[in-house]
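Source file upload_10.cif; content: mmCIF, C-alpha atoms.
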```cif
data_target
loop_
_atom_site.label_atom_id
_atom_site.label_comp_id
_atom_site.auth_asym_id
_atom_site.auth_seq_id
_atom_site.Cartn_x
_atom_site.Cartn_y
_atom_site.Cartn_z
CA MET Q 1 35.22 131.92 29.86
CA LEU Q 2 38.76 131.16 28.94
CA GLN Q 3 41.30 133.43 30.45
CA PHE Q 4 44.89 133.57 29.29
CA ARG Q 5 47.41 133.11 31.99
CA THR Q 6 49.68 135.68 30.46
CA ASP Q 7 47.32 138.50 29.76
CA PRO Q 8 49.17 140.93 27.52
CA VAL Q 9 47.75 144.04 29.13
CA TRP Q 10 47.90 142.98 32.75
CA GLY Q 11 51.31 141.43 32.22
CA LEU Q 12 52.59 144.77 31.05
CA PHE Q 13 50.98 146.51 34.01
CA ASP Q 14 52.51 143.98 36.40
CA ARG Q 15 55.91 144.63 34.96
CA GLN Q 16 55.40 148.36 35.31
CA VAL Q 17 54.49 147.92 38.96
CA ASP Q 18 57.50 145.66 39.54
CA TRP Q 19 59.76 148.22 37.95
CA MET Q 20 58.22 151.02 40.00
CA LEU Q 21 58.66 149.11 43.25
CA GLN Q 22 62.25 148.37 42.32
CA GLU Q 23 62.89 152.02 41.61
CA MET Q 24 61.31 153.04 44.90
CA ALA Q 25 63.26 150.51 46.91
CA ARG Q 26 66.53 151.81 45.52
CA PRO Q 27 68.49 154.07 47.82
CA ILE Q 28 67.93 157.69 46.90
CA ARG Q 29 71.62 158.32 46.60
CA THR Q 30 73.07 155.50 44.57
CA PRO Q 31 76.23 154.46 46.39
CA TYR Q 32 79.37 155.78 44.90
CA THR Q 33 80.93 152.73 43.32
CA ALA Q 34 84.46 152.26 42.17
CA PRO Q 35 86.19 152.08 39.84
CA ARG Q 36 84.10 154.54 37.94
CA ILE Q 37 84.69 154.46 34.22
CA LEU Q 38 82.93 156.75 31.78
CA VAL Q 39 83.07 156.29 28.03
CA ARG Q 40 82.04 158.68 25.31
CA ASP Q 41 81.68 156.99 21.95
CA ASP Q 42 80.52 159.08 18.99
CA GLU Q 43 81.39 159.91 15.37
CA THR Q 44 84.34 162.09 16.39
CA GLY Q 45 85.97 159.27 18.31
CA VAL Q 46 86.12 157.57 21.66
CA GLU Q 47 87.13 159.02 24.99
CA LEU Q 48 87.41 157.11 28.26
CA VAL Q 49 87.89 158.52 31.75
CA ALA Q 50 88.59 156.08 34.59
CA GLU Q 51 89.17 156.66 38.27
CA VAL Q 52 92.29 154.70 39.19
CA PRO Q 53 93.63 156.17 42.44
CA GLY Q 54 96.99 154.73 43.38
CA LEU Q 55 97.64 153.25 39.95
CA ARG Q 56 100.58 154.31 37.84
CA ALA Q 57 101.13 153.99 34.13
CA GLU Q 58 102.98 150.69 34.56
CA ASP Q 59 99.99 149.15 36.37
CA ILE Q 60 97.65 149.73 33.45
CA GLU Q 61 97.43 147.66 30.30
CA LEU Q 62 95.57 148.85 27.26
CA GLN Q 63 94.84 147.03 24.03
CA VAL Q 64 93.00 148.51 21.10
CA THR Q 65 91.69 147.34 17.79
CA ARG Q 66 89.51 149.25 15.34
CA ASP Q 67 86.35 148.44 17.27
CA THR Q 68 87.37 147.26 20.73
CA LEU Q 69 89.20 148.71 23.68
CA THR Q 70 90.47 146.41 26.42
CA LEU Q 71 91.53 147.87 29.72
CA LYS Q 72 93.29 146.00 32.51
CA GLY Q 73 94.52 147.24 35.82
CA GLN Q 74 94.77 146.13 39.40
CA ARG Q 75 95.25 147.68 42.77
CA LYS Q 76 95.64 145.76 45.98
CA VAL Q 77 95.03 147.96 48.99
CA GLN Q 78 97.93 147.69 51.43
CA ILE Q 79 96.96 146.85 54.96
CA PRO Q 80 99.80 148.03 57.16
CA GLU Q 81 101.25 145.58 59.62
CA ASN Q 82 101.21 146.29 63.34
CA LYS Q 83 98.33 148.71 62.90
CA LYS Q 84 94.74 148.40 63.93
CA VAL Q 85 92.29 148.82 61.08
CA LEU Q 86 89.51 151.14 62.18
CA ARG Q 87 87.90 151.76 58.84
CA ARG Q 88 88.33 149.95 55.57
CA GLU Q 89 86.50 151.41 52.58
CA ARG Q 90 89.02 151.69 49.77
CA PRO Q 91 88.34 148.85 47.37
CA ASP Q 92 90.80 146.51 45.75
CA THR Q 93 90.44 147.58 42.15
CA SER Q 94 90.35 145.01 39.42
CA ILE Q 95 89.56 146.23 35.95
CA ASP Q 96 89.38 143.78 33.09
CA THR Q 97 86.92 145.13 30.61
CA THR Q 98 86.54 145.04 26.87
CA TYR Q 99 84.48 147.82 25.37
CA ARG Q 100 82.87 147.10 22.05
CA LEU Q 101 82.90 150.41 20.24
CA GLU Q 102 80.09 151.64 18.08
CA ASN Q 103 82.34 153.94 16.10
CA GLU Q 104 85.57 152.67 14.63
CA ILE Q 105 88.77 154.23 15.89
CA ASP Q 106 92.27 154.52 14.51
CA PRO Q 107 94.37 152.21 16.73
CA ASP Q 108 97.58 154.09 15.84
CA GLN Q 109 96.25 157.41 17.10
CA VAL Q 110 95.22 156.35 20.59
CA VAL Q 111 96.66 158.49 23.38
CA ALA Q 112 96.46 157.38 27.02
CA HIS Q 113 97.80 159.04 30.10
CA VAL Q 114 97.36 158.79 33.83
CA ALA Q 115 97.64 161.71 36.25
CA ASP Q 116 96.48 162.16 39.86
CA GLY Q 117 94.70 158.82 39.72
CA ILE Q 118 92.68 159.55 36.59
CA LEU Q 119 93.26 157.61 33.40
CA THR Q 120 92.29 159.38 30.19
CA ILE Q 121 92.21 157.62 26.84
CA LYS Q 122 91.53 159.52 23.65
CA ALA Q 123 91.04 157.77 20.33
CA PRO Q 124 90.07 159.71 17.22
CA ALA Q 125 87.61 158.16 14.82
CA ALA Q 126 89.01 156.04 12.02
CA LYS Q 127 89.06 157.62 8.61
CA LYS Q 128 86.10 156.49 6.58
CA VAL Q 129 87.11 154.33 3.68
CA GLU Q 130 85.70 156.09 0.64
CA PRO Q 131 84.11 153.75 -1.87
CA LYS Q 132 86.37 153.49 -4.88
CA LYS Q 133 84.95 154.28 -8.25
CA ILE Q 134 86.09 152.00 -11.01
CA ALA Q 135 85.60 153.03 -14.55
CA VAL Q 136 84.13 150.37 -16.72
CA GLN Q 137 86.18 149.94 -19.82
CA VAL Q 138 84.57 149.38 -23.12
CA ARG Q 139 86.26 146.94 -25.36
CA MET J 1 87.42 137.64 34.50
CA ASN J 2 86.80 139.73 31.45
CA THR J 3 83.50 141.49 31.16
CA GLU J 4 82.51 142.79 27.79
CA THR J 5 80.68 146.03 27.83
CA LYS J 6 79.04 148.06 25.18
CA ALA J 7 80.52 151.51 25.38
CA ASN J 8 78.08 154.28 25.97
CA GLY J 9 78.36 157.96 26.52
CA SER J 10 75.70 158.48 29.13
CA TYR J 11 76.45 159.42 32.71
CA PRO J 12 75.07 157.33 35.53
CA ALA J 13 72.16 159.23 37.04
CA SER J 14 74.05 159.49 40.31
CA VAL J 15 76.85 161.52 38.77
CA ASN J 16 75.62 165.01 39.19
CA ASN J 17 78.42 167.44 38.59
CA ARG J 18 77.37 169.64 41.47
CA MET J 19 77.10 166.85 44.00
CA ALA J 20 79.95 166.47 46.49
CA LEU J 21 81.24 162.92 46.50
CA PRO J 22 82.51 161.36 49.72
CA PRO J 23 85.92 159.80 49.11
CA PHE J 24 86.56 156.20 50.16
CA THR J 25 88.74 156.27 53.26
CA ASP J 26 90.75 153.80 55.31
CA VAL J 27 91.74 154.59 58.89
CA HIS J 28 94.49 152.81 60.80
CA GLN J 29 95.75 153.24 64.32
CA ASP J 30 98.85 152.38 66.28
CA GLU J 31 100.45 153.58 69.50
CA HIS J 32 101.79 156.74 67.82
CA GLY J 33 98.51 157.93 66.40
CA TRP J 34 96.09 157.57 63.51
CA PHE J 35 96.59 157.24 59.77
CA LEU J 36 93.99 158.21 57.25
CA VAL J 37 94.17 157.13 53.59
CA ALA J 38 91.62 158.54 51.14
CA ASP J 39 91.07 158.00 47.42
CA LEU J 40 90.82 161.35 45.68
CA PRO J 41 91.16 160.54 41.97
CA GLY J 42 91.61 163.60 39.79
CA VAL J 43 92.44 165.96 42.64
CA ALA J 44 95.76 167.78 42.28
CA ALA J 45 97.65 168.91 45.40
CA ASP J 46 96.88 172.60 44.77
CA LYS J 47 93.15 171.81 44.58
CA LEU J 48 93.05 170.08 47.93
CA THR J 49 92.37 171.76 51.26
CA LEU J 50 92.59 170.21 54.70
CA THR J 51 91.12 172.17 57.58
CA VAL J 52 91.06 171.32 61.27
CA GLU J 53 88.32 173.07 63.20
CA ASP J 54 86.42 172.16 66.36
CA GLY J 55 88.09 168.77 66.54
CA ARG J 56 87.06 167.93 62.99
CA LEU J 57 89.22 167.39 59.95
CA LEU J 58 87.60 168.58 56.75
CA VAL J 59 88.94 167.29 53.43
CA VAL J 60 87.80 169.18 50.34
CA GLY J 61 89.20 168.40 46.92
CA LYS J 62 88.19 169.83 43.59
CA ARG J 63 88.58 168.21 40.22
CA GLN J 64 87.48 168.68 36.66
CA ALA J 65 84.30 166.81 35.74
CA PRO J 66 84.81 164.05 33.16
CA PHE J 67 84.48 165.30 29.55
CA ASP J 68 83.71 168.77 30.82
CA ALA J 69 86.59 171.18 31.41
CA GLN J 70 84.24 173.93 32.56
CA THR J 71 82.64 172.09 35.46
CA GLU J 72 84.30 171.37 38.76
CA GLN J 73 83.34 168.48 40.98
CA GLU J 74 83.90 168.47 44.69
CA LEU J 75 85.03 165.56 46.82
CA ARG J 76 84.35 166.32 50.45
CA ARG J 77 84.38 164.50 53.74
CA ALA J 78 84.69 165.46 57.40
CA PHE J 79 86.23 163.32 60.13
CA THR J 80 85.83 163.75 63.87
CA LEU J 81 89.29 163.62 65.41
CA PRO J 82 90.05 161.92 68.71
CA ASP J 83 90.96 164.44 71.45
CA GLU J 84 94.43 162.93 71.72
CA VAL J 85 95.47 164.15 68.25
CA ASP J 86 98.20 166.80 68.19
CA THR J 87 96.57 169.09 65.63
CA ASP J 88 99.79 171.07 65.10
CA ALA J 89 101.67 167.98 64.00
CA ILE J 90 99.24 166.71 61.35
CA ALA J 91 101.06 165.90 58.10
CA ALA J 92 99.57 165.07 54.71
CA LYS J 93 100.75 163.96 51.30
CA LEU J 94 98.98 163.31 48.04
CA VAL J 95 100.41 160.79 45.56
CA ASP J 96 98.62 159.50 42.43
CA GLY J 97 95.25 160.62 43.72
CA VAL J 98 95.68 158.96 47.12
CA LEU J 99 95.80 161.20 50.20
CA GLU J 100 97.68 160.06 53.29
CA VAL J 101 97.23 161.98 56.50
CA THR J 102 99.25 161.28 59.63
CA LEU J 103 97.49 162.30 62.84
CA PRO J 104 100.02 161.86 65.66
CA LYS J 105 99.07 161.58 69.29
CA ARG J 106 100.10 164.44 71.55
CA ALA J 107 103.63 163.79 72.73
CA GLU J 108 102.65 163.45 76.40
CA LEU J 109 100.22 160.67 75.50
CA LYS J 110 102.67 158.57 73.52
CA PRO J 111 104.04 155.51 75.21
CA LYS J 112 107.33 156.20 76.90
CA ARG J 113 110.09 153.78 77.43
CA ILE J 114 111.62 153.99 80.84
CA THR J 115 115.09 152.72 81.32
CA VAL J 116 115.49 150.61 84.34
CA ALA J 117 118.50 151.61 86.32
CA THR J 118 120.55 148.94 87.90
CA ALA J 119 121.47 149.55 91.45
#
```
This entry written out as structure tokens:
Amino acid sequence: MLQFRTDPVWGLFDRQVDWMLQEMARPIRTPYTAPRILVRDDETGVELVAEVPGLRAEDIELQVTRDTLTLKGQRKVQIPENKKVLRRERPDTSIDTTYRLENEIDPDQVVAHVADGILTIKAPAAKKVEPKKIAVQVR
Amino acid sequence: MNTETKANGSYPASVNNRMALPPFTDVHQDEHGWFLVADLPGVAADKLTLTVEDGRLLVVGKRQAPFDAQTEQELRRAFTLPDEVDTDAIAAKLVDGVLEVTLPKRAELKPKRITVATA
């Protein structure tokens, strides 16, 4: 009897098992990775919160269009001279990310500020362009 | 390198608002003592407490959870201090979400320069 090499049912099952094994092998506490950037993107607008310890306003570059948001920023961790390094965990941060937004924003209304190592960007949703009604003239 | 990401509003599963996060920390040493540098993004100076007890330094910082003004997150980590640390002389400063703690050696343990007298 002919048997298909890629059995649709068993293939699906195999994938489920693979996924399950992957999930189980994952550490229970996902390591805390940096930089952590969270984005909320809904009809009311877009809000971004990024952890940027040690970065100041002049270290951060932000570019926006109606449907994208590009964030750039870098931090190089200083290793002091003449000192022994006993523990080195703080990462060199390099952010260069373009977010493609689902909801259009108004690029002129974007507000960004950085305080205590947290960058907050708020962008209200773009005004919906109402369809224009054109009266048909009778000649 | 520019990575393009689709923006989404979901939290990573690991970000539980009640979970205490351990801050990334660098530790350096020289002949005068130890230096501890910790990333505490979002923690203001008045929301940060440093406690030394039983030879341990406990760093606890509180910050507002992202997108949620009502919830507080805690960043917490404890460090075992070497016996040589002069606990009364510990100094700390917090700038742009980065904490720097100076842990000097007790004065009697610091290297001393002895002037050689000429006969």
Result set of the PyMOL selection byres ((chain Q) within 9 of (chain J)) on the coordinates above, as JSON, numbers by chain: {"Q": [29, 30, 31, 32, 38, 39, 40, 41, 42, 47, 48, 49, 50, 51, 52, 53, 54, 55, 56, 70, 79, 80, 82, 83, 84, 85, 86, 87, 88, 89, 90, 91, 95, 96, 97, 98, 99, 100, 101, 102, 114, 115, 116, 117, 118, 119]}
Result set of the PyMOL selection byres ((chain J and resi 79) around 7) on the coordinates above, as a list in words: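 Answer for the PyMOL selection byres ((chain J and resi 79) around 7): Arg56, Leu57, Leu58, Arg77, Ala78, Thr80 and Leu81 of chain J.
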Å distance separating atom CA of Q:Thr93 from atom CA of J:Thr51, one decimal place: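 Pair atom CA of Q:Thr93 / atom CA of J:Thr51 returns 29.0 Å.
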Q:Glu104 environment, 6 Å, only C-alpha atoms, sequence neighbours closer than 4 positions dropped, as a PyMOL selection string: chain Q and resi 66-67+125-126
Sphere at (100.3, 158.9, 74.8), radius 9 Å, counting all atoms listed in the file: residues as a ChimeraX atom specification: /J:31-33,84,105-112
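Taking atom CA of J:Glu74 as the reference point, atom CA of J:Asp46 is found at 13.6 Å.
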Picked residues, the PyMOL selection byres ((chain Q and resi 63) around 12), expected as a PDB file with C-alpha atoms, keeping the file's coordinate frame:
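Output file part.pdb follows:
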```pdb
ATOM      1  CA  ILE Q  60      97.650 149.730  33.450  1.00  0.00           C
ATOM      2  CA  GLU Q  61      97.430 147.660  30.300  1.00  0.00           C
ATOM      3  CA  LEU Q  62      95.570 148.850  27.260  1.00  0.00           C
ATOM      4  CA  VAL Q  64      93.000 148.510  21.100  1.00  0.00           C
ATOM      5  CA  THR Q  65      91.690 147.340  17.790  1.00  0.00           C
ATOM      6  CA  ARG Q  66      89.510 149.250  15.340  1.00  0.00           C
ATOM      7  CA  ASP Q  67      86.350 148.440  17.270  1.00  0.00           C
ATOM      8  CA  THR Q  68      87.370 147.260  20.730  1.00  0.00           C
ATOM      9  CA  LEU Q  69      89.200 148.710  23.680  1.00  0.00           C
ATOM     10  CA  THR Q  70      90.470 146.410  26.420  1.00  0.00           C
ATOM     11  CA  LEU Q  71      91.530 147.870  29.720  1.00  0.00           C
ATOM     12  CA  LYS Q  72      93.290 146.000  32.510  1.00  0.00           C
ATOM     13  CA  GLY Q  73      94.520 147.240  35.820  1.00  0.00           C
ATOM     14  CA  ASP Q  96      89.380 143.780  33.090  1.00  0.00           C
ATOM     15  CA  THR Q  97      86.920 145.130  30.610  1.00  0.00           C
ATOM     16  CA  THR Q  98      86.540 145.040  26.870  1.00  0.00           C
ATOM     17  CA  TYR Q  99      84.480 147.820  25.370  1.00  0.00           C
ATOM     18  CA  PRO Q 107      94.370 152.210  16.730  1.00  0.00           C
ATOM     19  CA  ASP Q 108      97.580 154.090  15.840  1.00  0.00           C
ATOM     20  CA  VAL Q 110      95.220 156.350  20.590  1.00  0.00           C
ATOM     21  CA  VAL Q 111      96.660 158.490  23.380  1.00  0.00           C
ATOM     22  CA  ALA Q 112      96.460 157.380  27.020  1.00  0.00           C
ATOM     23  CA  ILE Q 121      92.210 157.620  26.840  1.00  0.00           C
ATOM     24  CA  ALA Q 123      91.040 157.770  20.330  1.00  0.00           C
TER      25      ALA Q 123
END
```
One-decimal distance in Å that lies between atom CA of Q:Val46 and atom CA of Q:Lys122: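 Spanning atom CA of Q:Lys122 to atom CA of Q:Val46 is a straight-line distance of 6.1 Å.
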Nearest-residue call for J:Val59, choices J:Val116, J:Ala91, J:Leu103, J:Arg76, using all atoms listed in the file: J:Arg76
Report the centre and edge lengths, in Å to one decimal, of an axis-aligned box enclosing every atom of stretch 63-67 of chain Q listed in the file, padded by 4 Å on each side, as JSON.
```
{"center_x": 90.6, "center_y": 148.1, "center_z": 19.7, "size_x": 16.5, "size_y": 10.2, "size_z": 16.7}
```
